[in-house]
Each structure stands twice: as structure tokens, then as C-alpha cells.
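J.: Sharing a structure, written as C-alpha cells. Questions coming.
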Amino acid sequence: MQIKSLDEYNAVYKQSVEQPEEFWAGIADHFLWRKKWDKVLSWDFKEPNIKWFEGAKLNITENCLDRHLEENGDKPAIIWEPNDPEKDTITLSYKILHEHVCRFANVLKKNGVKKGDRICIYMPMVPELAIAVLACARIGAVHSVIFGGFSARAIADRINDAECKLVITADGAYRGNKQIQLKDVIDDALIGCPTVKKVVVLTNTRTPISMIKGRDVWWEDELKLVGSECPAEEMDAEDMLFILYTSGSTGKPKGVVHTIGGYMVYTGYTFANAFNYQPGEVFFCTADIGWITGHSYIVYGPLSQGATSLMFEGIPTYPDASRFWQIVEKHKVNILYTAPTAIRSLMSFGTEPIKGHDLSSLRVLGSVGEPINEEAWHWYDEEIGKGNSPIVDTWWQTETGGLMISPIAYVTPTKPSYATLPLPGVQPVLVDEEGREILGNGVSGNLCMKFPWPGILRTTYGDHERCRQTYFSTYPNLYFTGDGCLRDEDGYYKITGRVDDVINVSGHRIGTAEVENAINMHTGVVESAVVGYPHDVKGQGIYAFVIYPNTHGDVELTKMDILKTVTRVIGAIAKPDKILFVTGLPKTRSGKIMRRILRKIAEGETTNLGDTTTLTDPAVVDEILAALQKV
Ligand code: WTA
């Protein structure tokens with residue numbers, strides 16, 4: 001199912017639009033089904049109601065594990081590289097990974113987990129995280145992985161929203177020179193989570209932790225009590241595989257729901273094509289499994305294709321900025337998939353850290369998470385790819401499950417900072433504010449999709465109306481991405497960034513309303529407004545304008561207090577980079593904050609602020625500028 005030339009791409013693309021069901025059935029035939037589908041697709045973007053491969057029966061872990069055992073059982077499935085370069089690498093062959101997954105699936109069963117139960121996973125980037133995810137899928141439980149940077153409160157909200165029954169965690173995590181006390185955070189979270197009956201705790205950092213009798217059990221002890229045989233649960237294609245929470249323009253994060261059959265087909269297909277993966281190659285995706293990129297391109301996509309997936313516990317700059325290049329050399333990585341923020345951060349160290357590292361194994365470079373600026377694109381191309389590894393700039397979202405607009409390596413001619421062309425099966429349209437389709441080339445608009453693909457989200461957990469409103473109501477009969485986009489004279493797509501109130505910080509989506517809610521929880525804060533501004537490394541930084549009439553102690557200390565509150569409420573990832581205390585916020589007569597003005601001020605603009613006549617009190621703007629002047 002790999003596309004090999006541009007002519008083939010054009011032909012396949014045409015078929016995928018003209019005969020989508022035949023096209024996707026052809027792709028799905030490459031997977032292992034216990035029973036094939038009765039119907040490839042039924043859909044309606046109004047409700048929305050989208051079903052792929054209805055009537056089919058399968059288990060995704062049989063596709064990711066069992067089916068590779070006979071011929072490739074000894075092939076490495078996961079190579080794990082620790083945070084500390086002095087520690088040993090761990091390699092899990094398909095056979096061993098299969099055994100670990102089955103054993104741990106039995107642990108879950110022993111602890112009362114049944115098909116359909118929701119399981120929260122809050123773990124470091126260790127092989128057991130991948131094992132836990134797959135063990136859930138093995139027995140038909142629904143995983144909800146939460147990134148290690150979220151606070152107890154944020155975890156509790158997510159656990160309660162999904163009514164999770166069990167939590168899988170570890171004592172602690174290593175990240176660079178830091179240790180994160182995961183179990184402590186979980187203990188705090190669980191004070192407010194009545195649905196959680198059991199916690200399975202992996203020993204990782206072996207720091208002292210509390211273990212509550214009757215609730216908490218050790219991963220290692222439990223393993224000794226179960227066998228290694230665990231038949232895969234037979235699942236419907238449209239059964240839920242996982243929930244992944246993501247931020248939007250309203251305050252509360254939503255649980256994006258993906259179902260088994262379509263997600264499996266879509267991640268496998270996109271992985272095999274865009275990255276041009278060849279048997280035996282080592283694929284290194286630097287994301288965390290706590291985000292969609294890790295779900296789709298560390299775990300499910302590569303494993304369903306029998307690939308070798310490299311999983312890294314640490315960060316690019318520890319012990320120093322040569323860590324990625326050291327890993328590429330050590331494991332002879334062929335495909336490197338990382339984020340622009342990492343590239344920009346490494347770029348700031350110059351080329352010294354690259355010197356002396358053999359990067360000749362690299363054949364394909366990938367980028368994801370945010371627009372990649374031209375400077376970073378060229379540096380990646382020249383210094384890392386040495387000019388002969390195509391860059392696949394992959395545009396997609398948590399909601400799309402897998403890559404949507406992306407070059408196919410060695411097929412699609414690339415262009416710096418362009419995600420290039422839609423993959424076959426993907427039908428993007430650009431629309432204007434009124435929802436009219438903008439035809440032709442050399443145009444810009446809001447990016448929508450007019451036809452479903454198998455990886456599309458099915459709902460938002462527990463609140464289908466929210467899913468409809470967020471993605472399917474802005475423009476009738478279209479899926480709205482929230483991104484602005486340019487289609488140039490060649491028909492190439494370039495994503496220009498979010499058009500809603502979402503900030504993309506280091507490739508992480510953060511809702512402005514979410515951060516504002518957190519700031520407003522700080523005592524003494526009257527109101528706040530949060531906007532994004534251009535940041536050299538992070539892509540966007542978070543700028544908070546805060547009305548706080550009486551600072552407690554000095555201004556700098558008060559700012560630090562507010563950061564603490566945000567860290568408590570959401571987590572360190574949502575901490576504003578800049579806080580400006582102001583006396584008022586620019587509002588329209590209907591009470592809406594005019595973010596356009598704040599965005600300009602945050603960008604450093606002080607004169608051309610546009611029309612301010614519709615403000616209730618235009619003098620507020622001068623006061624903000626005066627406050628800025630003072631600091
Ligand atoms: C942005 C990450 C430009 C975009 C997979 C999207 C990108 C949001 C790119 C989704 C890219 C992702 N070029 N922008 N190659 N990839 N984005 O859900 O704004 O964490 O809507 O999924 O990231 O972020 P999410």
C-alpha cells in the first residue's frame with residue numbers, strides 16, 4: 001500500500017475522491033480482521049454520525065502484535081532509549097512485547113477491568129507505557145492517557161469526565177535533570193475521583209511513595225500473579241479505542257474519541273506512505289505518548305506495520321544538545337519525526353553539537369505540531385538531512401487521528417514551510433467567513449474537510465453536542481479544523497496557524513479561556529485576557545493581561561504567585577511567559593474582549609492598533625500602553 005511516484009499519487013488521489021469506499025476498502029484489506037465489514041462508510045456531518053467498516057470484528061493488538069509473530073517475532077518492535085545516556089537501552093522484540101502486553105492485560109483483568117471500562121494512564125516515557133496502552137486495547141478497555149505535565153486538578157477533571165475505574169502510573173519520572181513525582185500527583189488527584197477503585201504503580205525512580213491498602217498495587221507484584229496467555233477480545237470496528245483530552249476555545253478540555261477500525265487503518269496507512277517506511281528501518285518519533293502524535297506514530301501506526309519504533313524517555317537538551325544526534329547515531333535511525341520547537345531550540349546551540357555524530361543513516365525527516373518557519377526548515381534540511389533527506393511537514397490534529405496534509409517522502413516535491421498536498425482520501429476545502437468555498441489557487445481561507453476519512457473523531461466523550469458545535473456547526477456539512485490556510489499557485493497548502501482562541505505553545509494546544517479561568521482563580525484577580533505572541537523557540541508564547549488592583553507584596557512576587565496558581569490548576573505547560581498588570585481590558589459594547597488589540601500589543605505594536613472606536617472605553621488602550629512602558 002505504498003505510493004511510489006507522483007503519477008501514482010495523482011491517480012490514487014483521483015480514485016480516492018471518485019470512489020472513496022473502494023479506495024478505503026482496498027487499504028483496509030491490508031489489515032487483519034476477524035470478520036470483514038458489511039458497509040465501508042456511512043456518514044452525516046450534521047449530527048455528526050460517522051461510521052467506518054461497520055459490522056467488522058477485530059482486535060487492534062492482533063494487528064500490532066500477533067500477526068507479526070510468525071515471520072518477524074524476533075524483530076525489534078520497540079527500542080527504548082533512557083533519559084540518562086549511561087543507562088542501558090531496552091529492546092523489545094515483537095514476541096517479547098506481545099508477551100508483556102498479554103501479561104499486563106491479565107493484571108488489568110485481575111483488578112476488575114472489563115471491556116468498555118475507561119482506564120487513566122499517567123506514566124513516564126518508559127516501555128511500560130506502550131505496554132499499558134496496548135494491554136487496554138487487548139481486552140477492549142478504553143485508555144485515556146494524560147501527559148505527565150498536567151496537574152492533579154487537571155487529571156481529576158479528566159478522570160471524572162471519563163469516569164475512569166483504574167489508574168496506571170509510576171512512582172516517578174525522569175526528565176532531563178528533573179524528577180517528577182507522578183504518584184504524588186495522582187494521590188492528590190484521586191482525592192476527588194470516586195470512580196477510581198484501583199491504582200497500578202510501576203517502580204521507575206523508586207522514590208518513597210504512599211501506597212494505600214486495598215487501592216494501590218505494585219505493577220511488578222501483580223505480574224507475578226498472572227499468566228502470559230491472554231486471548232484478544234473481539235471488538236467491533238466502531239467500538240471506542242481511546243479518549244484523548246485536548247484544548248479548544250472554551251474553558252473545559254474535551255475528550256476526543258477515536259474508534260478502533262478506522263483509526264487503525266488510518267494510522268497504518270499514513271505511516272507507511274508519508275514516511276516511506278522500509279522493512280528493517282528504525283523510526284524515531286520524539287513526541288510523548290501523552291499526545292496524539294505518540295499514540296499514532298510511536299504506538300499504533302508503526303506497530304501495525306511491523307516497524308521498529310524508537311521511544312525516548314528524555315529531552316533533546318539533556319545531558320546536552322547533542323542527545324538526539326547521539327541517539328540517531330547509536331541506533332542508526334532512518335526516519336526522525338520531531339517538532340519545530342525542538343528544531344528551533346537545537347538550532348540555537350549552533351552546529352557544534354552535531355559535529356562528530358554520524359547522521360548518515362537518516363533518510364526521511366518529519367515535522368509536526370505547528371507551522372515550521374523557513375529558517376528552521378532549512379536548518380533541518382541542511383544540517384540534519386545534509387540536503388538529501390526529504391522533509392515531510394505533516395499537518396494534522398488530535399481530532400484527525402493521523403496525518404492529513406503532508407508530503408509523501410520521495411514522491412511529493414517539498415517546499416519550505418508547506419505541508420504540501422492532501423494525502424489520498426483527504427478532501428480539504430478553504431472557505432471564507434460566510435462558509436463559501438474558495439476555489440482556485442493563490443487563495444487563503446479557513447481550512448475545512450468536506451468528506452470523512454477513517455481517522456476522524458467520532459464524538460467528544462459524554463457530550464456529543466459539543467462535538468457537533470465545535471467542529472461541524474461553524475460551516476454546514478463541513479468539518480472545521482480551526483486553522484487558517486493558504487493554497488498557493490501550485491495548489492500547495494501552507495498552514496498559517498489557528499484562527500480560533502487556541503495558542504500553540506511548543507506544539508501543545510492551549511486554550512486561552514482555559515488559562516484565563518486558571519488565572520482568574522487566583523485571589524485578588526478581577527479579570528484577565530490571554531493571547532499568543534510570536535516566540536523564537538516555542539512558536540507562540542502566552543501573554544496574560546491581568547487586572548489585579550492590589551498586588552500582594554512586590555509585583556514580581558505576585559506574578560510568581562499567579563504562575564503557581566496556573567501550575568496548580570492546569571500544569572506547568574500552561575504558565576504564561578509574560579504577565580502585564582493592567583487597570584482595564586479593551587471591550588466592545590457587548591462586553592467582548594477585543595483580543596485583536598491585545599494580540600498587537602503582545603507582538604510589540606504600539607501605534608497601529610486598528611480601529612478602537614467600537615470600544616466602550618478607548619482610553620483603556622492608552623492605559624495598557626502606559627503600563628507596558630513602566631515595565
Ligand atoms: C497545528 C498535533 C502547521 C495546527 C498533531 C493544528 C500544524 C494543531 C502542523 C493540532 C503542521 C499541527 N503545520 N500547523 N505541520 N501540525 N499543527 O491536536 O494548528 O496537538 O490545528 O495535533 O497543531 O494540534 P494537536
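In the C-alpha cells, the first chain shown is A, the next is B, and so on; residue numbers restart at 1 for each chain, and ligands run from 1 in the order shown.
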So which residues are near ligand 1, meaning at most 6 Å away with only C-alpha atoms and all ligand atoms counted, given back as a list in words?
T.: Thr293, Val368, Gly369, Glu370, Pro371, Asp393, Thr394, Trp395, Trp396, Gln397, Thr398, Ala419, Asp483, Ile495, Gly497, Arg498, His508 and Arg509 of chain A
J.: Determine, counting only C-alpha atoms, which protein, DNA and RNA residues have an atom within 7 Å of an atom of Ile542 in chain A; residues of the same chain fewer than 6 positions away are not included. Present the result as number ranges by chain.
T.: A: 530-533, 576-578
J.: At most 10 Å is the cut-off: for each residue in range 211-290 of chain A with any atom that close to an atom of range 363-367 of chain A, write down the nearest atom pair and the distance in Å rounded to one decimal, counting only C-alpha atoms, chain first then increasing number, as a Markdown table.
T.:
```
| residue | atom | partner | partner_atom | distance |
| --- | --- | --- | --- | --- |
| A:Ala274 | CA | A:Gly366 | CA | 9.1 |
| A:Phe275 | CA | A:Val364 | CA | 6.6 |
| A:Asn276 | CA | A:Val364 | CA | 7.9 |
| A:Tyr277 | CA | A:Val364 | CA | 8.9 |
| A:Glu281 | CA | A:Arg363 | CA | 9.7 |
| A:Phe283 | CA | A:Val364 | CA | 9.4 |
| A:Phe284 | CA | A:Gly366 | CA | 9.8 |
| A:Cys285 | CA | A:Gly366 | CA | 8.6 |
```
J.: So that I can see what lies close to Ile79 in chain A, please list as a PyMOL selection string the residues with an atom at most 9 Å from it, counting only C-alpha atoms and leaving out residues fewer than 5 positions away in the same chain.
T.: chain A and resi 89-93+127+282+308-312+331
J.: Give me, as a VMD selection string, all polymer residues having an atom no more than 10 Å from Lys36 in chain A, counting only C-alpha atoms and skipping those fewer than 4 positions away in the same chain.
T.: chain A and resid 25 28 to 29 32 40 53 to 58 237
J.: Hey, what's within 9 Å of Ile131 in chain A if we count only C-alpha atoms and toss same-chain stuff fewer than 6 positions away? As a PyMOL selection string, please?
T.: chain A and resi 97-98+100-102+104-105
J.: How would the residues just picked look written out with all heavy atoms as a short mmCIF file (atom, residue, chain, number, x, y, z; two decimals), in the first residue's frame?
T.:
```
data_model
loop_
_atom_site.label_atom_id
_atom_site.label_comp_id
_atom_site.auth_asym_id
_atom_site.auth_seq_id
_atom_site.Cartn_x
_atom_site.Cartn_y
_atom_site.Cartn_z
N LEU A 97 7.28 -8.17 23.34
CA LEU A 97 6.26 -7.14 23.58
C LEU A 97 4.88 -7.80 23.68
O LEU A 97 4.08 -7.46 24.55
CB LEU A 97 6.28 -6.11 22.45
CG LEU A 97 5.24 -4.97 22.56
CD1 LEU A 97 5.43 -4.15 23.84
CD2 LEU A 97 5.30 -4.03 21.34
N HIS A 98 4.63 -8.75 22.81
CA HIS A 98 3.36 -9.48 22.84
C HIS A 98 3.16 -10.13 24.20
O HIS A 98 2.09 -10.04 24.81
CB HIS A 98 3.38 -10.53 21.72
CG HIS A 98 2.18 -11.43 21.70
ND1 HIS A 98 2.17 -12.68 22.30
CD2 HIS A 98 0.94 -11.26 21.18
CE1 HIS A 98 0.98 -13.23 22.13
NE2 HIS A 98 0.22 -12.40 21.46
N HIS A 100 4.58 -9.31 27.10
CA HIS A 100 4.38 -8.29 28.15
C HIS A 100 2.95 -7.74 28.11
O HIS A 100 2.34 -7.53 29.16
CB HIS A 100 5.35 -7.12 27.94
CG HIS A 100 6.75 -7.40 28.40
ND1 HIS A 100 7.04 -7.97 29.62
CD2 HIS A 100 7.95 -7.16 27.80
CE1 HIS A 100 8.36 -8.07 29.75
NE2 HIS A 100 8.93 -7.59 28.66
N VAL A 101 2.47 -7.49 26.90
CA VAL A 101 1.12 -6.92 26.76
C VAL A 101 0.09 -7.92 27.30
O VAL A 101 -0.82 -7.54 28.05
CB VAL A 101 0.84 -6.55 25.28
CG1 VAL A 101 -0.64 -6.23 25.07
CG2 VAL A 101 1.70 -5.36 24.87
N CYS A 102 0.25 -9.18 26.94
CA CYS A 102 -0.72 -10.19 27.41
C CYS A 102 -0.69 -10.31 28.93
O CYS A 102 -1.73 -10.35 29.59
CB CYS A 102 -0.42 -11.55 26.77
SG CYS A 102 -0.86 -11.56 25.02
N PHE A 104 0.29 -8.06 31.13
CA PHE A 104 -0.27 -6.89 31.81
C PHE A 104 -1.78 -6.80 31.59
O PHE A 104 -2.52 -6.35 32.48
CB PHE A 104 0.44 -5.59 31.40
CG PHE A 104 0.07 -4.46 32.30
CD1 PHE A 104 0.47 -4.48 33.64
CD2 PHE A 104 -0.74 -3.42 31.87
CE1 PHE A 104 0.08 -3.47 34.52
CE2 PHE A 104 -1.13 -2.40 32.73
CZ PHE A 104 -0.72 -2.43 34.06
N ALA A 105 -2.24 -7.28 30.44
CA ALA A 105 -3.70 -7.32 30.20
C ALA A 105 -4.34 -8.21 31.27
O ALA A 105 -5.42 -7.90 31.79
CB ALA A 105 -3.99 -7.85 28.81
#
```
J.: Give me the residues within 10 Å of range 383-388 of chain A as JSON, numbers by chain, counting only C-alpha atoms and dropping any in the same chain fewer than 6 places off.
T.: {"A": [325, 336, 343, 347, 350, 351, 354, 355, 359, 360, 361, 362, 363, 364, 365]}
J.: Select, from A:Pro428, A:Gly455, A:Gly268, A:Gly248, the residue with the minimum atom-to-atom distance to Val499 in chain A, counting only C-alpha atoms.
T.: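 Checking each of A:Pro428, A:Gly455, A:Gly268, A:Gly248 against Val499 in chain A, counting only C-alpha atoms, the winner is A:Gly248.
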J.: List as a ChimeraX atom specification the protein and nucleic acid residues near Pro549 in chain A, meaning an atom at most 8 Å away when only C-alpha atoms are counted, but skip any in the same chain fewer than 2 places from it.
T.: /A:524-526,547,551,583
J.: Write out as a list of chain:residue names all residues of range 138-226 of chain A that backbone DSSP assigns to alpha helix (DSSP H).
T.: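 Those in range 138-226 of chain A that DSSP calls alpha helix (DSSP H) are A:Arg138, A:Ile139, A:Ala152, A:Arg153, A:Ala154, A:Ile155, A:Ala156, A:Asp157, A:Arg158, A:Ile159, A:Asn160, A:Asp161, A:Ala162, A:Leu182, A:Lys183, A:Asp184, A:Val185, A:Ile186, A:Asp187, A:Asp188, A:Ala189, A:Leu190, A:Trp219, A:Glu220, A:Asp221, A:Glu222, A:Leu223.
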J.: Could you check the closest approach to Val113 in chain A for each of A:Ile78, A:Arg138, A:Ile50, A:Phe147 and tell me which residue wins, using only C-alpha atoms?
T.: A:Arg138
J.: Taking into account only C-alpha atoms, which residue in the set A:Glu313, A:Asp117, A:Asp161, A:Glu71 is nearest to Gly176 in chain A?
T.: A:Glu313
J.: Which range 474-550 of chain A residues have any atom within 12 Å of an atom of range 253-267 of chain A, and for each, what is the nearest pair of atoms with distance in Å to one decimal, counting only C-alpha atoms, rows sorted by chain and number, as CSV?
T.:
```
residue,atom,partner,partner_atom,distance
A:Val502,CA,A:Pro253,CA,11.6
A:Arg509,CA,A:Pro253,CA,10.4
A:Ile510,CA,A:Pro253,CA,9.3
A:Gly511,CA,A:Pro253,CA,8.4
A:Thr512,CA,A:Pro253,CA,11.5
A:Ala513,CA,A:Pro253,CA,10.2
A:Glu514,CA,A:Pro253,CA,8.0
A:Val515,CA,A:Pro253,CA,11.3
```
J.: Taking the DSSP secondary structure from the backbone, can you list the residues of range 344-400 of chain A that are strand (DSSP E), as an NGL selection string?
T.: :A and (364-368 or 391-394)
J.: Output N, CA, C and O atoms for every residue in the selection just made, as an mmCIF file, in the first residue's frame.
T.:
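Written file, result-v8.cif:
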```cif
data_model
loop_
_atom_site.group_PDB
_atom_site.id
_atom_site.type_symbol
_atom_site.label_atom_id
_atom_site.label_comp_id
_atom_site.auth_asym_id
_atom_site.auth_seq_id
_atom_site.Cartn_x
_atom_site.Cartn_y
_atom_site.Cartn_z
ATOM 1 N N VAL A 364 14.673 10.082 5.998
ATOM 2 C CA VAL A 364 13.469 10.909 5.952
ATOM 3 C C VAL A 364 13.392 11.714 7.246
ATOM 4 O O VAL A 364 13.680 11.185 8.322
ATOM 5 N N LEU A 365 13.009 13.005 7.123
ATOM 6 C CA LEU A 365 12.817 13.848 8.305
ATOM 7 C C LEU A 365 11.360 14.290 8.356
ATOM 8 O O LEU A 365 10.786 14.642 7.325
ATOM 9 N N GLY A 366 10.804 14.288 9.542
ATOM 10 C CA GLY A 366 9.409 14.707 9.673
ATOM 11 C C GLY A 366 9.271 15.865 10.637
ATOM 12 O O GLY A 366 10.093 16.053 11.538
ATOM 13 N N SER A 367 8.209 16.640 10.451
ATOM 14 C CA SER A 367 7.915 17.765 11.339
ATOM 15 C C SER A 367 6.425 17.757 11.649
ATOM 16 O O SER A 367 5.605 17.439 10.790
ATOM 17 N N VAL A 368 6.072 18.120 12.863
ATOM 18 C CA VAL A 368 4.661 18.095 13.268
ATOM 19 C C VAL A 368 4.379 19.037 14.432
ATOM 20 O O VAL A 368 5.259 19.302 15.245
ATOM 21 N N ILE A 391 11.971 16.399 3.742
ATOM 22 C CA ILE A 391 11.258 16.772 4.964
ATOM 23 C C ILE A 391 9.766 16.597 4.723
ATOM 24 O O ILE A 391 9.212 17.179 3.795
ATOM 25 N N VAL A 392 9.136 15.771 5.553
ATOM 26 C CA VAL A 392 7.683 15.683 5.479
ATOM 27 C C VAL A 392 7.098 16.539 6.604
ATOM 28 O O VAL A 392 7.203 16.215 7.773
ATOM 29 N N ASP A 393 6.541 17.672 6.197
ATOM 30 C CA ASP A 393 5.896 18.592 7.147
ATOM 31 C C ASP A 393 4.439 18.156 7.216
ATOM 32 O O ASP A 393 3.660 18.404 6.308
ATOM 33 N N THR A 394 4.099 17.453 8.302
ATOM 34 C CA THR A 394 2.812 16.775 8.385
ATOM 35 C C THR A 394 1.797 17.605 9.153
ATOM 36 O O THR A 394 1.948 17.829 10.344
#
```
J.: CA of Lys115 in chain A to CA of Ser304 in chain A: how many Å, to one decimal?
T.: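 Those two atoms sit 21.5 Å apart.
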J.: Using only C-alpha atoms, can you tell me which of A:Met240, A:Val145, A:Ile96, A:Cys136 comes closest to Asn72 in chain A?
T.: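 Selected residue with least distance to Asn72 in chain A: A:Ile96.
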J.: What does the distance between CA of Pro319 in chain A and CA of Val537 in chain A come to in Å, to one decimal place?
T.: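 Straight-line distance from CA of Pro319 in chain A to CA of Val537 in chain A works out to 19.1 Å.
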